[in-house]
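Enquirer: Quick one, start.cif (mmCIF, C-alpha atoms):
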data_target
loop_
_atom_site.group_PDB
_atom_site.id
_atom_site.type_symbol
_atom_site.label_atom_id
_atom_site.label_comp_id
_atom_site.auth_asym_id
_atom_site.auth_seq_id
_atom_site.Cartn_x
_atom_site.Cartn_y
_atom_site.Cartn_z
ATOM 1 C CA MET S 1 -22.242 12.501 -5.571
ATOM 2 C CA THR S 2 -24.946 11.801 -8.139
ATOM 3 C CA PHE S 3 -25.923 8.137 -7.916
ATOM 4 C CA ASP S 4 -27.972 7.039 -10.876
ATOM 5 C CA TYR S 5 -26.970 3.477 -11.668
ATOM 6 C CA GLY S 6 -28.914 0.358 -12.473
ATOM 7 C CA THR S 7 -26.170 -2.064 -11.456
ATOM 8 C CA VAL S 8 -23.649 -1.966 -8.612
ATOM 9 C CA LEU S 9 -20.629 -4.255 -8.557
ATOM 10 C CA PHE S 10 -19.235 -4.922 -5.084
ATOM 11 C CA ASP S 11 -15.751 -5.906 -4.105
ATOM 12 C CA VAL S 12 -15.790 -7.971 -0.902
ATOM 13 C CA ASP S 13 -12.602 -7.913 1.174
ATOM 14 C CA GLY S 14 -12.129 -4.522 2.808
ATOM 15 C CA THR S 15 -15.415 -3.358 1.313
ATOM 16 C CA LEU S 16 -18.024 -5.595 2.947
ATOM 17 C CA ILE S 17 -15.802 -7.274 5.549
ATOM 18 C CA ASP S 18 -12.739 -6.088 7.461
ATOM 19 C CA SER S 19 -10.487 -8.843 6.152
ATOM 20 C CA ASN S 20 -7.537 -7.205 4.390
ATOM 21 C CA GLY S 21 -5.293 -7.473 7.425
ATOM 22 C CA ALA S 22 -6.116 -11.152 7.821
ATOM 23 C CA HIS S 23 -5.329 -11.812 4.167
ATOM 24 C CA ALA S 24 -2.007 -10.005 4.500
ATOM 25 C CA SER S 25 -1.108 -11.970 7.621
ATOM 26 C CA ALA S 26 -2.094 -15.279 6.015
ATOM 27 C CA TRP S 27 -0.062 -14.632 2.871
ATOM 28 C CA THR S 28 2.949 -13.496 4.897
ATOM 29 C CA GLN S 29 2.874 -16.490 7.221
ATOM 30 C CA ALA S 30 2.434 -18.937 4.352
ATOM 31 C CA LEU S 31 5.286 -17.420 2.367
ATOM 32 C CA GLN S 32 7.606 -17.345 5.355
ATOM 33 C CA HIS S 33 6.757 -20.947 6.244
ATOM 34 C CA GLN S 34 7.713 -21.912 2.694
ATOM 35 C CA GLY S 35 11.066 -20.186 3.059
ATOM 36 C CA PHE S 36 10.415 -16.812 1.406
ATOM 37 C CA ARG S 37 11.703 -13.695 3.104
ATOM 38 C CA VAL S 38 8.834 -11.249 2.771
ATOM 39 C CA ARG S 39 7.640 -8.332 4.848
ATOM 40 C CA LEU S 40 4.064 -7.949 6.014
ATOM 41 C CA GLU S 41 3.923 -4.330 4.849
ATOM 42 C CA ASP S 42 4.937 -5.306 1.301
ATOM 43 C CA VAL S 43 2.252 -7.986 1.163
ATOM 44 C CA ARG S 44 -0.367 -5.679 2.695
ATOM 45 C CA ARG S 45 0.040 -3.158 -0.118
ATOM 46 C CA ARG S 46 -0.924 -5.817 -2.649
ATOM 47 C CA ILE S 47 -4.055 -7.109 -0.975
ATOM 48 C CA GLY S 48 -6.841 -6.712 -3.502
ATOM 49 C CA MET S 49 -4.850 -8.475 -6.181
ATOM 50 C CA GLY S 50 -5.233 -12.206 -6.690
ATOM 51 C CA GLY S 51 -2.434 -14.654 -6.028
ATOM 52 C CA ASP S 52 -1.550 -14.567 -9.726
ATOM 53 C CA LYS S 53 -0.375 -10.973 -9.225
ATOM 54 C CA LEU S 54 0.673 -10.982 -5.577
ATOM 55 C CA LEU S 55 3.035 -13.958 -5.606
ATOM 56 C CA PRO S 56 5.206 -12.775 -8.517
ATOM 57 C CA ALA S 57 5.313 -9.276 -7.007
ATOM 58 C CA VAL S 58 6.407 -10.217 -3.472
ATOM 59 C CA ALA S 59 8.151 -13.575 -3.928
ATOM 60 C CA GLY S 60 9.031 -13.869 -7.605
ATOM 61 C CA ILE S 61 7.067 -17.101 -8.072
ATOM 62 C CA ALA S 62 4.105 -18.050 -10.235
ATOM 63 C CA GLU S 63 0.839 -19.028 -8.604
ATOM 64 C CA ASP S 64 0.673 -22.249 -10.641
ATOM 65 C CA SER S 65 4.253 -23.322 -9.814
ATOM 66 C CA GLU S 66 4.833 -26.051 -7.213
ATOM 67 C CA GLU S 67 6.076 -23.449 -4.762
ATOM 68 C CA GLY S 68 3.157 -21.200 -5.551
ATOM 69 C CA LYS S 69 0.620 -23.976 -5.067
ATOM 70 C CA ALA S 70 2.121 -24.831 -1.680
ATOM 71 C CA VAL S 71 1.953 -21.207 -0.571
ATOM 72 C CA VAL S 72 -1.635 -20.802 -1.792
ATOM 73 C CA SER S 73 -2.763 -23.964 -0.023
ATOM 74 C CA GLU S 74 -1.223 -22.896 3.278
ATOM 75 C CA LYS S 75 -2.510 -19.346 2.895
ATOM 76 C CA LYS S 76 -6.071 -20.590 2.446
ATOM 77 C CA ALA S 77 -5.817 -22.740 5.560
ATOM 78 C CA ILE S 78 -4.466 -19.865 7.665
ATOM 79 C CA PHE S 79 -7.071 -17.417 6.399
ATOM 80 C CA SER S 80 -9.840 -19.937 7.055
ATOM 81 C CA SER S 81 -8.718 -20.140 10.682
ATOM 82 C CA LEU S 82 -8.833 -16.332 10.981
ATOM 83 C CA LEU S 83 -12.180 -15.840 9.250
ATOM 84 C CA PRO S 84 -14.523 -16.596 12.194
ATOM 85 C CA ALA S 85 -13.132 -13.607 14.110
ATOM 86 C CA LEU S 86 -13.645 -11.100 11.287
ATOM 87 C CA GLN S 87 -16.393 -8.486 11.292
ATOM 88 C CA SER S 88 -18.349 -6.866 8.500
ATOM 89 C CA THR S 89 -17.446 -3.276 7.705
ATOM 90 C CA PRO S 90 -19.706 -0.651 9.318
ATOM 91 C CA GLY S 91 -23.028 -0.435 7.510
ATOM 92 C CA ALA S 92 -22.259 -3.208 5.009
ATOM 93 C CA ARG S 93 -25.588 -5.000 5.200
ATOM 94 C CA ALA S 94 -27.591 -1.782 5.541
ATOM 95 C CA LEU S 95 -26.050 -0.353 2.364
ATOM 96 C CA VAL S 96 -26.643 -3.515 0.357
ATOM 97 C CA GLU S 97 -30.222 -3.798 1.623
ATOM 98 C CA HIS S 98 -30.886 -0.156 0.719
ATOM 99 C CA LEU S 99 -29.615 -0.606 -2.819
ATOM 100 C CA ALA S 100 -31.546 -3.856 -3.264
ATOM 101 C CA ALA S 101 -34.745 -2.195 -2.037
ATOM 102 C CA SER S 102 -34.122 0.639 -4.500
ATOM 103 C CA GLY S 103 -34.243 -1.826 -7.387
ATOM 104 C CA VAL S 104 -30.518 -1.816 -8.123
ATOM 105 C CA ASP S 105 -29.003 -5.038 -9.486
ATOM 106 C CA LEU S 106 -26.218 -6.194 -7.179
ATOM 107 C CA VAL S 107 -23.235 -8.232 -8.342
ATOM 108 C CA ILE S 108 -20.091 -9.442 -6.569
ATOM 109 C CA ALA S 109 -16.796 -8.876 -8.411
ATOM 110 C CA THR S 110 -13.862 -10.207 -6.404
ATOM 111 C CA SER S 111 -10.423 -11.755 -6.825
ATOM 112 C CA ALA S 112 -11.318 -14.494 -4.314
ATOM 113 C CA ASP S 113 -12.178 -17.973 -5.574
ATOM 114 C CA ASP S 114 -15.725 -19.348 -5.313
ATOM 115 C CA LYS S 115 -15.181 -21.412 -2.156
ATOM 116 C CA GLU S 116 -13.538 -18.599 -0.231
ATOM 117 C CA LEU S 117 -16.102 -16.110 -1.535
ATOM 118 C CA ASP S 118 -19.031 -18.099 -0.118
ATOM 119 C CA ALA S 119 -17.377 -18.288 3.294
ATOM 120 C CA VAL S 120 -16.457 -14.602 3.396
ATOM 121 C CA LEU S 121 -19.902 -13.405 2.305
ATOM 122 C CA THR S 122 -21.481 -15.593 4.973
ATOM 123 C CA GLN S 123 -19.157 -14.188 7.634
ATOM 124 C CA ALA S 124 -19.971 -10.660 6.436
ATOM 125 C CA GLY S 125 -23.670 -11.383 6.866
ATOM 126 C CA VAL S 126 -24.617 -10.515 3.280
ATOM 127 C CA ALA S 127 -24.540 -13.850 1.437
ATOM 128 C CA ASP S 128 -28.316 -13.868 0.995
ATOM 129 C CA LEU S 129 -28.284 -10.480 -0.751
ATOM 130 C CA PHE S 130 -26.091 -11.419 -3.714
ATOM 131 C CA PRO S 131 -27.632 -13.920 -6.139
ATOM 132 C CA THR S 132 -25.161 -12.878 -8.847
ATOM 133 C CA ARG S 133 -21.466 -13.371 -8.157
ATOM 134 C CA THR S 134 -18.257 -13.314 -10.149
ATOM 135 C CA SER S 135 -14.943 -14.436 -8.756
ATOM 136 C CA LYS S 136 -11.432 -15.434 -9.697
ATOM 137 C CA ASP S 137 -12.943 -18.607 -11.183
ATOM 138 C CA ASP S 138 -14.715 -16.497 -13.837
ATOM 139 C CA ALA S 139 -11.614 -14.651 -15.050
ATOM 140 C CA ASN S 140 -8.190 -15.312 -16.524
ATOM 141 C CA GLU S 141 -6.499 -12.455 -14.671
ATOM 142 C CA SER S 142 -7.254 -10.875 -11.288
ATOM 143 C CA LYS S 143 -7.439 -7.174 -10.481
ATOM 144 C CA PRO S 144 -6.138 -4.693 -11.519
ATOM 145 C CA ASP S 145 -6.789 -6.398 -14.867
ATOM 146 C CA PRO S 146 -10.414 -5.826 -15.874
ATOM 147 C CA ASP S 147 -11.342 -9.490 -16.440
ATOM 148 C CA ILE S 148 -13.416 -9.946 -13.274
ATOM 149 C CA VAL S 149 -15.270 -6.670 -13.790
ATOM 150 C CA GLN S 150 -15.970 -7.550 -17.419
ATOM 151 C CA ALA S 151 -17.220 -10.981 -16.364
ATOM 152 C CA ALA S 152 -19.535 -9.342 -13.824
ATOM 153 C CA LEU S 153 -20.912 -6.963 -16.446
ATOM 154 C CA HIS S 154 -21.551 -9.878 -18.790
ATOM 155 C CA LYS S 155 -23.164 -12.063 -16.130
ATOM 156 C CA ALA S 156 -25.461 -9.224 -15.042
ATOM 157 C CA GLN S 157 -26.126 -8.117 -18.644
ATOM 158 C CA ALA S 158 -25.320 -4.632 -17.391
ATOM 159 C CA ARG S 159 -24.604 -1.512 -19.412
ATOM 160 C CA PRO S 160 -21.221 -0.005 -18.442
ATOM 161 C CA GLU S 161 -22.578 3.537 -18.460
ATOM 162 C CA ARG S 162 -25.255 2.485 -15.946
ATOM 163 C CA THR S 163 -22.900 0.527 -13.700
ATOM 164 C CA VAL S 164 -20.652 1.535 -10.817
ATOM 165 C CA MET S 165 -18.247 -0.474 -8.711
ATOM 166 C CA ILE S 166 -17.770 -0.097 -4.958
ATOM 167 C CA GLY S 167 -14.310 -1.111 -3.757
ATOM 168 C CA ASP S 168 -11.535 -0.200 -1.373
ATOM 169 C CA THR S 169 -8.221 -0.525 -3.216
ATOM 170 C CA PRO S 170 -6.424 1.153 -6.132
ATOM 171 C CA TYR S 171 -6.777 -2.202 -7.908
ATOM 172 C CA ASP S 172 -10.578 -1.975 -7.811
ATOM 173 C CA ILE S 173 -10.431 1.525 -9.255
ATOM 174 C CA GLU S 174 -8.038 0.523 -12.030
ATOM 175 C CA ALA S 175 -9.958 -2.638 -12.932
ATOM 176 C CA ALA S 176 -13.209 -0.682 -13.111
ATOM 177 C CA ALA S 177 -11.661 2.033 -15.267
ATOM 178 C CA ARG S 178 -10.177 -0.513 -17.666
ATOM 179 C CA ALA S 179 -13.622 -2.096 -17.969
ATOM 180 C CA GLY S 180 -15.187 1.275 -18.747
ATOM 181 C CA ILE S 181 -17.097 1.879 -15.507
ATOM 182 C CA ALA S 182 -16.827 4.270 -12.570
ATOM 183 C CA CYS S 183 -15.715 3.244 -9.075
ATOM 184 C CA VAL S 184 -16.666 4.591 -5.662
ATOM 185 C CA ALA S 185 -13.877 3.951 -3.148
ATOM 186 C CA LEU S 186 -14.093 3.242 0.579
ATOM 187 C CA ARG S 187 -11.354 3.870 3.136
ATOM 188 C CA SER S 188 -12.479 0.811 5.117
ATOM 189 C CA GLY S 189 -9.869 -1.400 3.466
ATOM 190 C CA GLY S 190 -7.053 0.593 5.051
ATOM 191 C CA GLY S 191 -3.523 0.600 3.713
ATOM 192 C CA TRP S 192 -3.904 3.338 1.111
ATOM 193 C CA SER S 193 -3.908 7.107 1.334
ATOM 194 C CA ASP S 194 -6.622 9.268 -0.182
ATOM 195 C CA SER S 195 -4.161 10.328 -2.855
ATOM 196 C CA GLU S 196 -3.776 6.699 -3.907
ATOM 197 C CA LEU S 197 -7.551 6.434 -4.309
ATOM 198 C CA PHE S 198 -7.848 9.789 -6.097
ATOM 199 C CA ALA S 199 -9.110 8.315 -9.374
ATOM 200 C CA ALA S 200 -12.343 7.127 -7.765
ATOM 201 C CA LEU S 201 -15.607 8.862 -8.594
ATOM 202 C CA ALA S 202 -16.065 9.571 -4.862
ATOM 203 C CA LEU S 203 -14.460 8.538 -1.585
ATOM 204 C CA PHE S 204 -16.220 7.518 1.635
ATOM 205 C CA ASP S 205 -15.074 6.104 4.969
ATOM 206 C CA ASP S 206 -17.080 2.883 4.806
ATOM 207 C CA PRO S 207 -20.472 1.522 3.647
ATOM 208 C CA ALA S 208 -22.256 3.385 6.446
ATOM 209 C CA ASP S 209 -20.763 6.677 5.308
ATOM 210 C CA LEU S 210 -21.766 5.983 1.700
ATOM 211 C CA LEU S 211 -25.295 5.064 2.776
ATOM 212 C CA ASP S 212 -25.565 8.292 4.771
ATOM 213 C CA GLY S 213 -24.557 10.198 1.645
ATOM 214 C CA LEU S 214 -27.208 8.462 -0.422
ATOM 215 C CA LEU S 215 -29.938 8.977 2.156
ATOM 216 C CA GLU S 216 -29.103 12.664 2.528
ATOM 217 C CA ARG S 217 -29.719 13.094 -1.198
ATOM 218 C CA GLY S 218 -32.669 10.743 -1.363
ATOM 219 C CA GLN S 219 -30.736 8.696 -3.928
ATOM 220 C CA GLY S 220 -29.989 5.075 -4.591
ATOM 221 C CA LYS S 221 -32.336 4.408 -7.482
#
With the file now loaded, output its structure as C-alpha cells.

Expert:
Amino acid sequence: MTFDYGTVLFDVDGTLIDSNGAHASAWTQALQHQGFRVRLEDVRRRIGMGGDKLLPAVAGIAEDSEEGKAVVSEKKAIFSSLLPALQSTPGARALVEHLAASGVDLVIATSADDKELDAVLTQAGVADLFPTRTSKDDANESKPDPDIVQAALHKAQARPERTVMIGDTPYDIEAAARAGIACVALRSGGGWSDSELFAALALFDDPADLLDGLLERGQGK
C-alpha cells in the first residue's frame, strides 16, 4: 500500500480500542430493559453507526423520542461501567505516535459524542495524541452518512485527495467514500467479513499490522 497522506482521520471504537462488543452489549441490555425485543447479533452488526441510525434499524424508534432518550441514557450508563475493563487494540498508540512523528496531521472522526469520546480515548491511552477531534456533536447525521468525515476535513483544513481514514466497519468505509476520501480498514473491530470491507483501500488485522506494513516500506510521511 502506498501511503502518502498529509492527514489521517481515525475512527475510535474497534480501531483504537476493543470496544465494539461492549457497545453492542450495552445497547442490547438498554433496549431489553426498556421492553424492546432485540438480539445481540442484530445490534452488533450496526455498531459503528450512531444511535440516530441504530435505534430505528433495530427497534423502530427515533433517538430523540422519549423511548429513544431513555434507551440512550441507560446505554451510556452501562457502557461507562464496562469501559474500565476495555483494552486498546494492538499497536494503537505505536501507530498514532509513528504517524505523528512523521508529520501527519491526526484527527478523530467518530459517531460517539464528546463526553464519551474523551473517556474512550483516555482508556485507549491515546488522548494526548489527538488535539483535533470531531464527534457526533459536530454532525447532523452519523456514519455511514459523510457528515462527521466532512466536519473532520473542515476542522483540519485538509485536502480530500491528501487525506485517508482508518476505520474498522463498513460504515467508516462508506462515510469516507461519500466524503471523497480513501479508507484503510482494520479487522480489529470484528463482526464483519473481509468481503464486507472489500471497498477499503487496504485491509489490515489491527494498528500493529498496519504499522508493520508502513515500516516495511519506510512510509508514513

Enquirer: What does the PyMOL selection byres ((chain S and resi 162) around 8) select in this file, as a list in words?

Expert: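 Listing what the PyMOL selection byres ((chain S and resi 162) around 8) selects in the shown file: Asp4, Tyr5, Gly6, Thr7, Ala158, Arg159, Pro160, Glu161, Thr163 and Val164 of chain S.
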
Enquirer: I'd like the contact shell of Leu129 of chain S - 9 Å cut-off, all atoms listed in the file, skipping same-chain residues fewer than 4 positions apart - returned as a VMD selection string.

Expert: chain S and resid 93 96 to 97 100 106 125

Enquirer: For atom CA of Leu117 of chain S and atom CA of Ala151 of chain S, determine how far apart the two atoms are, in Å to one decimal place.

Expert: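 The value is 15.7 Å.
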
Enquirer: Could you expand the PyMOL selection byres ((chain S and resi 32) around 12) into the explicit residues it covers here, written as a ChimeraX atom specification?

Expert: /S:25-31,33-40,43,58-59,67,70-71,74-75

Enquirer: Between atom CA of Gln87 of chain S and atom CA of Ala119 of chain S, what is the spacing in Å?

Expert: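 Interatomic distance, atom CA of Ala119 of chain S to atom CA of Gln87 of chain S: 12.7 Å.
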
Enquirer: Tell me, in Å to one decimal, how far atom CA of Val120 of chain S is from atom CA of Leu83 of chain S.

Expert: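 Between atom CA of Val120 of chain S and atom CA of Leu83 of chain S the gap is 7.4 Å.
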